[in-house]
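With mmCIF, C-alpha atoms inside, this is coords.cif:
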```cif
data_run
#
loop_
_atom_site.label_atom_id
_atom_site.label_comp_id
_atom_site.auth_asym_id
_atom_site.auth_seq_id
_atom_site.Cartn_x
_atom_site.Cartn_y
_atom_site.Cartn_z
CA PHE D 579 -7.45 27.24 8.90
CA ARG D 580 -10.03 30.04 9.16
CA MET D 581 -12.66 29.94 6.42
CA GLN D 582 -15.05 32.84 5.82
CA THR D 583 -17.81 33.37 3.30
CA HIS D 584 -18.51 36.44 1.24
CA SER D 585 -21.66 36.76 -0.86
CA GLY D 586 -22.10 32.98 -0.76
CA PHE D 587 -18.55 32.18 -1.88
CA LEU D 588 -15.59 30.95 0.11
CA ASP D 589 -13.01 33.69 0.46
CA LEU D 590 -10.20 31.63 1.97
CA PHE D 591 -7.70 32.94 -0.59
CA ARG D 592 -8.87 36.55 -0.52
CA SER D 593 -6.39 37.46 2.18
CA ASP D 594 -2.74 37.98 1.31
CA HIS D 595 -1.83 36.58 4.72
CA ASP D 596 -3.64 33.29 4.02
CA ARG D 597 -2.13 33.01 0.55
CA ARG D 598 1.38 33.49 1.93
CA ASP D 599 0.76 30.90 4.64
CA PHE D 600 -0.50 28.38 2.09
CA LEU D 601 2.60 28.86 -0.06
CA SER D 602 4.96 28.60 2.91
CA SER D 603 3.18 25.54 4.32
CA GLY D 604 3.10 23.81 0.94
CA ALA D 605 6.83 24.31 0.34
CA ALA D 606 7.59 23.04 3.85
CA ALA D 607 5.34 19.99 3.51
CA GLY D 608 6.86 19.01 0.17
CA LEU D 609 10.40 18.91 1.50
CA ALA D 610 9.28 17.23 4.73
CA ALA D 611 7.60 14.44 2.76
CA ALA D 612 10.59 14.00 0.46
CA PHE D 613 13.14 13.57 3.26
CA GLY D 614 10.95 12.55 6.18
CA ALA D 615 12.02 15.65 8.11
CA PRO D 616 9.15 17.83 9.44
CA ILE D 617 11.42 20.26 11.27
CA GLY D 618 13.72 20.46 8.24
CA GLY D 619 10.73 21.33 6.06
CA VAL D 620 9.78 24.22 8.34
CA LEU D 621 13.34 25.52 8.42
CA PHE D 622 13.62 25.25 4.62
CA SER D 623 10.45 27.25 4.14
CA LEU D 624 11.61 29.84 6.68
CA GLU D 625 14.99 30.32 5.00
CA GLU D 626 14.29 29.83 1.30
CA ALA D 627 10.60 29.93 0.38
CA SER D 628 9.04 32.66 2.51
CA SER D 629 9.25 36.44 2.44
CA PHE D 630 7.11 36.96 5.54
CA TRP D 631 7.09 34.83 8.69
CA ASN D 632 5.26 34.93 12.01
CA GLN D 633 4.03 32.55 14.71
CA SER D 634 0.90 31.65 12.79
CA THR D 635 2.97 30.61 9.76
CA THR D 636 5.21 28.50 11.99
CA LEU D 637 2.29 26.58 13.49
CA ARG D 638 0.57 26.04 10.16
CA SER D 639 3.77 24.91 8.43
CA LEU D 640 4.62 22.52 11.26
CA LEU D 641 1.13 21.05 11.16
CA CYS D 642 1.33 20.51 7.39
CA CYS D 643 4.82 18.96 7.65
CA THR D 644 3.75 16.60 10.44
CA MET D 645 0.65 15.45 8.56
CA ALA D 646 2.55 15.00 5.28
CA THR D 647 5.25 12.89 6.93
CA PHE D 648 2.73 10.83 8.93
CA ILE D 649 0.51 10.07 5.93
CA LEU D 650 3.52 9.11 3.80
CA THR D 651 4.90 6.74 6.44
CA THR D 652 1.41 5.21 6.78
CA PHE D 653 1.26 4.50 3.05
CA HIS D 654 4.77 3.03 3.15
CA GLY D 655 4.01 0.69 6.03
CA GLY D 656 0.42 -0.39 5.51
CA LEU D 657 -2.53 -0.73 7.87
CA PHE D 658 -1.51 0.10 11.48
CA VAL D 659 2.18 -0.13 10.47
CA LEU D 660 4.45 2.88 9.97
CA GLY D 661 7.04 2.49 7.22
CA PRO D 662 10.29 4.38 6.63
CA PRO D 663 9.81 8.16 6.43
CA GLY D 664 10.62 10.08 3.27
CA LEU D 665 10.58 9.33 -0.44
CA ILE D 666 14.32 9.73 -1.00
CA GLU D 667 16.81 7.28 0.49
CA LEU D 668 20.43 8.42 0.43
CA GLY D 669 21.98 5.10 1.43
CA THR D 670 24.09 4.34 4.47
CA GLN D 671 27.45 5.82 5.41
CA SER D 672 30.18 4.97 7.86
CA GLU D 673 30.37 7.34 10.81
CA ASN D 674 34.18 7.29 10.87
CA TYR D 675 36.49 9.46 8.77
CA ASN D 676 39.98 10.82 9.02
CA LEU D 677 40.49 14.23 10.60
CA LEU D 678 42.45 15.31 7.51
CA GLU D 679 39.32 14.78 5.45
CA LEU D 680 37.83 17.92 6.98
CA LEU D 681 40.27 19.87 4.81
CA PHE D 682 39.14 17.83 1.79
CA PHE D 683 35.51 18.60 2.61
CA MET D 684 36.31 22.33 2.68
CA ILE D 685 38.03 22.14 -0.70
CA GLU D 686 35.13 20.19 -2.15
CA ALA D 687 32.60 22.66 -0.75
CA ALA D 688 34.52 25.58 -2.26
CA PHE D 689 34.50 23.82 -5.64
CA PHE D 690 30.73 23.36 -5.55
CA GLY D 691 30.31 26.99 -4.51
CA LEU D 692 32.19 28.06 -7.65
CA MET D 693 30.19 25.55 -9.67
CA GLY D 694 26.91 27.01 -8.43
CA ALA D 695 28.13 30.53 -9.17
CA SER D 696 29.10 29.51 -12.71
CA PHE D 697 25.66 27.96 -13.24
CA ASN D 698 23.94 31.18 -12.12
CA GLN D 699 26.23 33.27 -14.32
CA GLY D 700 25.60 31.03 -17.31
CA PHE D 701 21.86 31.30 -16.74
CA LYS D 702 22.07 35.11 -16.61
CA LEU D 703 23.99 35.18 -19.89
CA MET D 704 21.69 32.75 -21.71
CA ASN D 705 18.30 33.94 -20.51
CA PRO D 706 18.18 37.22 -22.49
CA LYS D 707 19.15 35.34 -25.66
CA ARG D 708 16.34 32.80 -25.49
CA PRO D 709 13.69 33.02 -28.23
CA LYS D 710 10.59 35.06 -27.48
CA ARG D 711 8.28 33.91 -30.28
CA LYS D 712 6.02 30.91 -29.64
CA LEU D 713 7.21 28.86 -32.63
CA LEU D 714 10.86 29.39 -31.78
CA LYS D 715 10.18 28.35 -28.19
CA ILE D 716 8.71 25.06 -29.42
CA LEU D 717 11.71 24.47 -31.69
CA GLU D 718 14.04 25.18 -28.76
CA ILE D 719 12.24 22.58 -26.65
CA VAL D 720 12.47 19.99 -29.43
CA ALA D 721 16.18 20.65 -29.96
CA VAL D 722 17.05 20.40 -26.24
CA VAL D 723 14.96 17.23 -25.79
CA LEU D 724 16.65 15.58 -28.78
CA LEU D 725 20.08 16.54 -27.47
CA CYS D 726 19.31 15.16 -24.00
CA ASN D 727 18.04 11.87 -25.46
CA LEU D 728 21.05 11.57 -27.74
CA ILE D 729 23.42 11.99 -24.79
CA SER D 730 21.43 9.49 -22.72
CA LEU D 731 21.70 6.87 -25.50
CA THR D 732 25.48 7.29 -25.81
CA PRO D 733 26.33 3.98 -24.04
CA LEU D 734 23.92 2.11 -26.34
CA ILE D 735 25.12 3.77 -29.54
CA PHE D 736 28.80 3.54 -28.55
CA PRO D 737 29.14 0.60 -26.12
CA SER D 738 32.85 1.27 -25.74
CA ALA D 739 32.10 4.68 -24.17
CA GLY D 740 31.62 3.13 -20.74
CA ALA D 741 33.48 0.55 -18.70
CA CYS D 742 32.15 -2.91 -17.89
CA VAL D 743 31.81 -3.46 -14.13
CA LYS D 744 30.36 -6.30 -12.11
CA ILE D 745 26.73 -6.07 -11.06
CA PRO D 746 26.71 -4.77 -7.47
CA LYS D 747 25.60 -7.38 -4.96
CA GLY D 748 22.40 -6.31 -3.30
CA GLY D 749 22.22 -3.25 -5.53
CA SER D 750 19.16 -1.10 -6.04
CA LEU D 751 18.71 -1.76 -9.75
CA ALA D 752 15.58 -3.59 -10.87
CA PRO D 753 16.20 -6.89 -12.73
CA ALA D 754 14.06 -5.70 -15.65
CA SER D 755 16.46 -2.83 -16.34
CA LEU D 756 19.67 -4.87 -16.22
CA SER D 757 19.46 -5.92 -19.89
CA VAL D 758 19.24 -2.30 -21.00
CA LEU D 759 22.10 -1.26 -18.73
CA GLN D 760 24.52 -3.93 -19.98
CA GLY D 761 25.46 -1.77 -22.98
CA GLY D 762 27.53 -4.40 -24.78
CA CYS D 763 29.01 -5.97 -21.63
CA GLY D 764 29.02 -9.66 -20.88
CA PRO D 765 26.86 -11.68 -18.47
CA GLY D 766 27.04 -10.50 -14.89
CA GLU D 767 28.38 -7.08 -15.96
CA LEU D 768 26.95 -3.62 -16.50
CA ASN D 769 28.07 -0.59 -18.46
CA ASP D 770 28.73 2.01 -15.79
CA LEU D 771 27.92 4.91 -18.12
CA ALA D 772 24.59 3.26 -18.99
CA VAL D 773 23.78 2.96 -15.30
CA LEU D 774 24.50 6.66 -14.78
CA LEU D 775 22.57 7.90 -17.81
CA LEU D 776 19.74 5.36 -18.15
CA GLY D 777 19.33 3.86 -14.70
CA PRO D 778 16.61 4.96 -12.26
CA ARG D 779 17.81 8.30 -10.94
CA ASP D 780 17.07 7.75 -7.25
CA ASN D 781 18.67 4.29 -7.29
CA THR D 782 21.75 5.63 -9.07
CA VAL D 783 22.17 8.39 -6.48
CA LYS D 784 21.89 5.79 -3.74
CA MET D 785 24.58 3.66 -5.42
CA LEU D 786 26.88 6.67 -5.68
CA MET D 787 26.47 7.43 -1.98
CA GLU D 788 26.98 3.80 -0.97
CA GLN D 789 30.12 3.35 -3.07
CA GLU D 790 33.09 2.34 -0.93
CA SER D 791 36.80 2.51 -1.62
CA GLU D 792 37.13 -1.18 -2.44
CA SER D 793 34.13 -1.24 -4.79
CA GLU D 794 34.48 -0.20 -8.41
CA TRP D 795 30.95 0.50 -9.56
CA PHE D 796 31.81 3.61 -11.56
CA THR D 797 34.97 4.80 -13.27
CA ALA D 798 36.27 8.35 -13.02
CA LEU D 799 35.92 8.94 -16.78
CA SER D 800 32.24 7.94 -16.77
CA LEU D 801 31.54 10.16 -13.76
CA LEU D 802 33.25 13.12 -15.43
CA PHE D 803 31.41 12.64 -18.75
CA CYS D 804 28.00 12.18 -17.11
CA GLY D 805 28.48 15.09 -14.71
CA GLY D 806 29.61 17.48 -17.44
CA ALA D 807 26.83 16.40 -19.80
CA ILE D 808 24.06 16.78 -17.23
CA PHE D 809 25.40 20.12 -15.99
CA SER D 810 25.50 21.49 -19.56
CA THR D 811 22.08 20.18 -20.61
CA LEU D 812 20.54 21.38 -17.35
CA LEU D 813 21.79 24.87 -18.15
CA LEU D 814 20.14 24.59 -21.58
CA ALA D 815 16.91 23.12 -20.23
CA CYS D 816 16.54 25.69 -17.45
CA GLU D 817 13.71 28.16 -18.15
CA LEU D 818 12.27 26.12 -21.02
CA SER D 819 8.51 26.28 -21.46
CA LEU D 820 8.17 22.90 -19.73
CA PRO D 821 7.30 21.95 -16.15
CA ALA D 822 10.51 20.76 -14.50
CA GLY D 823 12.63 21.29 -11.41
CA LEU D 824 16.24 21.66 -10.31
CA PHE D 825 16.09 19.69 -7.07
CA MET D 826 16.93 16.12 -8.16
CA PRO D 827 19.30 17.18 -11.00
CA MET D 828 21.35 19.23 -8.52
CA ILE D 829 21.53 16.28 -6.11
CA PHE D 830 22.65 14.02 -8.96
CA ILE D 831 25.29 16.45 -10.22
CA GLY D 832 26.62 16.91 -6.70
CA SER D 833 26.78 13.14 -6.20
CA LEU D 834 28.65 12.63 -9.48
CA PHE D 835 31.32 15.25 -8.94
CA GLY D 836 31.48 14.53 -5.22
CA SER D 837 32.27 10.88 -5.91
CA LEU D 838 34.88 12.02 -8.41
CA TRP D 839 36.49 14.25 -5.77
CA GLY D 840 36.54 11.32 -3.36
CA MET D 841 38.38 9.18 -5.89
CA GLY D 842 40.88 11.97 -6.50
CA PHE D 843 41.55 12.51 -2.80
CA ASP D 844 42.02 8.76 -2.36
CA LYS D 845 44.68 8.70 -5.09
CA LEU D 846 46.36 11.74 -3.52
CA CYS D 847 46.52 10.11 -0.10
CA LEU D 848 47.92 6.95 -1.65
CA MET D 849 50.68 8.96 -3.33
CA VAL D 850 51.78 11.02 -0.31
CA SER D 851 51.24 8.49 2.51
CA LEU D 852 53.37 5.57 3.58
CA PRO D 853 51.77 2.19 2.84
CA GLU D 854 51.41 1.33 6.53
CA HIS D 855 49.67 4.67 7.26
CA TYR D 856 47.39 4.72 4.20
CA ALA D 857 43.65 4.58 4.97
CA PRO D 858 41.25 4.27 2.00
CA ILE D 859 38.82 7.14 1.45
CA ASN D 860 35.14 6.40 0.94
CA PRO D 861 33.92 8.08 -2.31
CA GLY D 862 30.29 7.65 -1.23
CA LEU D 863 30.82 10.03 1.68
CA TYR D 864 32.10 12.70 -0.72
CA ALA D 865 29.11 12.08 -2.98
CA LEU D 866 26.82 12.84 -0.03
CA VAL D 867 28.79 15.99 0.83
CA GLY D 868 28.74 17.04 -2.84
CA ALA D 869 24.97 16.63 -3.14
CA THR D 870 24.47 18.73 0.00
CA ALA D 871 26.90 21.41 -1.14
CA MET D 872 25.31 21.61 -4.59
CA LEU D 873 21.90 22.26 -3.06
CA ALA D 874 23.36 24.99 -0.86
#
```
Exercise: express the given structure as structure tokens:
Amino acid sequence: FRMQTHSGFLDLFRSDHDRRDFLSSGAAAGLAAAFGAPIGGVLFSLEEASSFWNQSTTLRSLLCCTMATFILTTFHGGLFVLGPPGLIELGTQSENYNLLELLFFMIEAAFFGLMGASFNQGFKLMNPKRPKRKLLKILEIVAVVLLCNLISLTPLIFPSAGACVKIPKGGSLAPASLSVLQGGCGPGELNDLAVLLLGPRDNTVKMLMEQESESEWFTALSLLFCGGAIFSTLLLACELSLPAGLFMPMIFIGSLFGSLWGMGFDKLCLMVSLPEHYAPINPGLYALVGATAMLA
């Protein structure tokens, strides 16, 4: 980057052009580091984060994305060893799916489009009614935080709220957290609602996207309760006087409702298909599609 001095001081940020390039490059590098996708980071910044774009911005953003991804993979792997790129792992998926599922994907995408529109409309209705005085803002923060914690502790306060499922073999949950996530279940079992609400968020998203038709890690009722609760509290927490973001919550909400859609489509196919022609549907694939559609 070009650095100039003015009266003995660095004036790197004195130019609007440089400031815009720094913002565009920073947004691109953040997404590139999160997903291990330098080109994706540049395209994200071009489409979503930038108001002005030229060749100089492209080169600077690509340089920042490449360096961010390279440094992250170096830290993951160790000395002279490159590790897996990206901070977020979305699990593995089968490459095969039924041609009819393309129709299901379209229906699911339309649902998440309406869901995003309802979130934006709810935000527009609530934002003018938020308190303006400093004390009331603090009380609003306290009330929303208490509500979120109360909802998160539901499986511990009411153990019967969730269903007891077997601990996934080779799952992503740390052994230290298993005792908290049992929620009144017996040895070798976990409360699925506790996993959704109290488990590590990135590991839970990975479990949702790796869930197959024959596995029963989460029940439909727990997915519906957790998805509705997080969607509602996110609408309340949006625009609070606290540093927070919408990126991971949107991925989580999309994974929850996407997995629920996958379960529903699987039941529908079982009802309308002959037994010899029935092919199980993978809910994890719909969780991945739902997370993508929710971000869009």
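Going from atom CA of D:Leu776 to atom CA of D:Leu734 covers 9.8 Å.
Between D:Met787 and the candidates D:Leu703, D:Leu802, D:Leu725, D:Leu834, the tightest atom-to-atom separation, counting all atoms listed in the file, involves D:Leu834.
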Box in all listed atoms of stretch 685-691 of chain D, axis-aligned, with 8 Å more on each side; write out centre and edge lengths in Å to one decimal as lines of an AutoDock Vina configuration file.
```
center_x = 34.2
center_y = 23.6
center_z = -3.2
size_x = 23.7
size_y = 22.8
size_z = 20.9
```
List every protein, DNA or RNA residue that has an atom no more than 9 Å from (23.9, 22.6, -7.2) in the file's coordinate frame, counting all atoms listed in the file, and report them as a list in words.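 Residues with an atom close enough to that point: Phe690, Gly691, Met693, Gly694, Phe697, Leu824, Phe825, Pro827, Met828, Ile829, Phe830, Ile831, Gly832, Gly868, Ala869, Thr870, Ala871, Met872, Leu873 and Ala874 of chain D.
Relative to atom CA of D:Leu866, atom CA of D:Met684 is found at 13.7 Å.
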Mind pulling up the distance from atom CA of D:Val722 to atom CA of D:Leu786? 26.6 Å
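Of the residues listed (D:Ala865, D:Ile649, D:Ala612, D:Leu641), D:Ala865 shows the shortest atom-to-atom separation from D:Phe683; distances use only C-alpha atoms.
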Would you kindly return, as a PDB file with C-alpha atoms, in the coordinates of the input, each protein, DNA or RNA residue with an atom no farther than 9 Å from any atom of stretch 597-607 of chain D, considering all atoms listed in the file and excluding same-chain residues fewer than 2 positions away?
```
ATOM      1  CA  LEU D 590     -10.200  31.630   1.970  1.00  0.00           C
ATOM      2  CA  PHE D 591      -7.700  32.940  -0.590  1.00  0.00           C
ATOM      3  CA  ARG D 592      -8.870  36.550  -0.520  1.00  0.00           C
ATOM      4  CA  SER D 593      -6.390  37.460   2.180  1.00  0.00           C
ATOM      5  CA  ASP D 594      -2.740  37.980   1.310  1.00  0.00           C
ATOM      6  CA  HIS D 595      -1.830  36.580   4.720  1.00  0.00           C
ATOM      7  CA  LEU D 609      10.400  18.910   1.500  1.00  0.00           C
ATOM      8  CA  ALA D 610       9.280  17.230   4.730  1.00  0.00           C
ATOM      9  CA  ALA D 611       7.600  14.440   2.760  1.00  0.00           C
ATOM     10  CA  ALA D 612      10.590  14.000   0.460  1.00  0.00           C
ATOM     11  CA  PRO D 616       9.150  17.830   9.440  1.00  0.00           C
ATOM     12  CA  ILE D 617      11.420  20.260  11.270  1.00  0.00           C
ATOM     13  CA  GLY D 618      13.720  20.460   8.240  1.00  0.00           C
ATOM     14  CA  GLY D 619      10.730  21.330   6.060  1.00  0.00           C
ATOM     15  CA  VAL D 620       9.780  24.220   8.340  1.00  0.00           C
ATOM     16  CA  LEU D 621      13.340  25.520   8.420  1.00  0.00           C
ATOM     17  CA  PHE D 622      13.620  25.250   4.620  1.00  0.00           C
ATOM     18  CA  SER D 623      10.450  27.250   4.140  1.00  0.00           C
ATOM     19  CA  LEU D 624      11.610  29.840   6.680  1.00  0.00           C
ATOM     20  CA  ALA D 627      10.600  29.930   0.380  1.00  0.00           C
ATOM     21  CA  SER D 628       9.040  32.660   2.510  1.00  0.00           C
ATOM     22  CA  SER D 629       9.250  36.440   2.440  1.00  0.00           C
ATOM     23  CA  PHE D 630       7.110  36.960   5.540  1.00  0.00           C
ATOM     24  CA  TRP D 631       7.090  34.830   8.690  1.00  0.00           C
ATOM     25  CA  SER D 634       0.900  31.650  12.790  1.00  0.00           C
ATOM     26  CA  THR D 635       2.970  30.610   9.760  1.00  0.00           C
ATOM     27  CA  THR D 636       5.210  28.500  11.990  1.00  0.00           C
ATOM     28  CA  ARG D 638       0.570  26.040  10.160  1.00  0.00           C
ATOM     29  CA  SER D 639       3.770  24.910   8.430  1.00  0.00           C
ATOM     30  CA  LEU D 640       4.620  22.520  11.260  1.00  0.00           C
ATOM     31  CA  LEU D 641       1.130  21.050  11.160  1.00  0.00           C
ATOM     32  CA  CYS D 642       1.330  20.510   7.390  1.00  0.00           C
ATOM     33  CA  CYS D 643       4.820  18.960   7.650  1.00  0.00           C
ATOM     34  CA  THR D 644       3.750  16.600  10.440  1.00  0.00           C
ATOM     35  CA  MET D 645       0.650  15.450   8.560  1.00  0.00           C
ATOM     36  CA  ALA D 646       2.550  15.000   5.280  1.00  0.00           C
ATOM     37  CA  THR D 647       5.250  12.890   6.930  1.00  0.00           C
TER      38      THR D 647
END
```
Applied to this file, what does the PyMOL selection byres ((chain D and resi 861) around 12) return in terms of residues, put as a ChimeraX atom specification? /D:671-672,675,679,682-683,785-798,801,833-845,858-860,862-868
For a quick check of understanding, using all atoms listed in the file, which of D:Met849, D:Ala772, D:Phe613, D:Gln633 has the smallest distance to D:Thr651? D:Phe613
Taking into account all atoms listed in the file, which residue in the set D:Gly700, D:Gly740, D:Gly608, D:Gly614 is nearest to D:Cys816?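 Looking at the shortest contact to D:Cys816, the residue is D:Gly700.
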Which polymer residues, whether protein, DNA or RNA, lie within 12 Å of the coordinate (23.9, 32.4, -18.6) when you count only C-alpha atoms? List them as a PDB file with C-alpha atoms, keeping the file's coordinate frame, using the chain letters and numbers from the file.
```pdb
ATOM      1  CA  GLY D 694      26.910  27.010  -8.430  1.00  0.00           C
ATOM      2  CA  ALA D 695      28.130  30.530  -9.170  1.00  0.00           C
ATOM      3  CA  SER D 696      29.100  29.510 -12.710  1.00  0.00           C
ATOM      4  CA  PHE D 697      25.660  27.960 -13.240  1.00  0.00           C
ATOM      5  CA  ASN D 698      23.940  31.180 -12.120  1.00  0.00           C
ATOM      6  CA  GLN D 699      26.230  33.270 -14.320  1.00  0.00           C
ATOM      7  CA  GLY D 700      25.600  31.030 -17.310  1.00  0.00           C
ATOM      8  CA  PHE D 701      21.860  31.300 -16.740  1.00  0.00           C
ATOM      9  CA  LYS D 702      22.070  35.110 -16.610  1.00  0.00           C
ATOM     10  CA  LEU D 703      23.990  35.180 -19.890  1.00  0.00           C
ATOM     11  CA  MET D 704      21.690  32.750 -21.710  1.00  0.00           C
ATOM     12  CA  ASN D 705      18.300  33.940 -20.510  1.00  0.00           C
ATOM     13  CA  PRO D 706      18.180  37.220 -22.490  1.00  0.00           C
ATOM     14  CA  LYS D 707      19.150  35.340 -25.660  1.00  0.00           C
ATOM     15  CA  ARG D 708      16.340  32.800 -25.490  1.00  0.00           C
ATOM     16  CA  SER D 810      25.500  21.490 -19.560  1.00  0.00           C
ATOM     17  CA  LEU D 812      20.540  21.380 -17.350  1.00  0.00           C
ATOM     18  CA  LEU D 813      21.790  24.870 -18.150  1.00  0.00           C
ATOM     19  CA  LEU D 814      20.140  24.590 -21.580  1.00  0.00           C
ATOM     20  CA  ALA D 815      16.910  23.120 -20.230  1.00  0.00           C
ATOM     21  CA  CYS D 816      16.540  25.690 -17.450  1.00  0.00           C
ATOM     22  CA  GLU D 817      13.710  28.160 -18.150  1.00  0.00           C
TER      23      GLU D 817
END
```
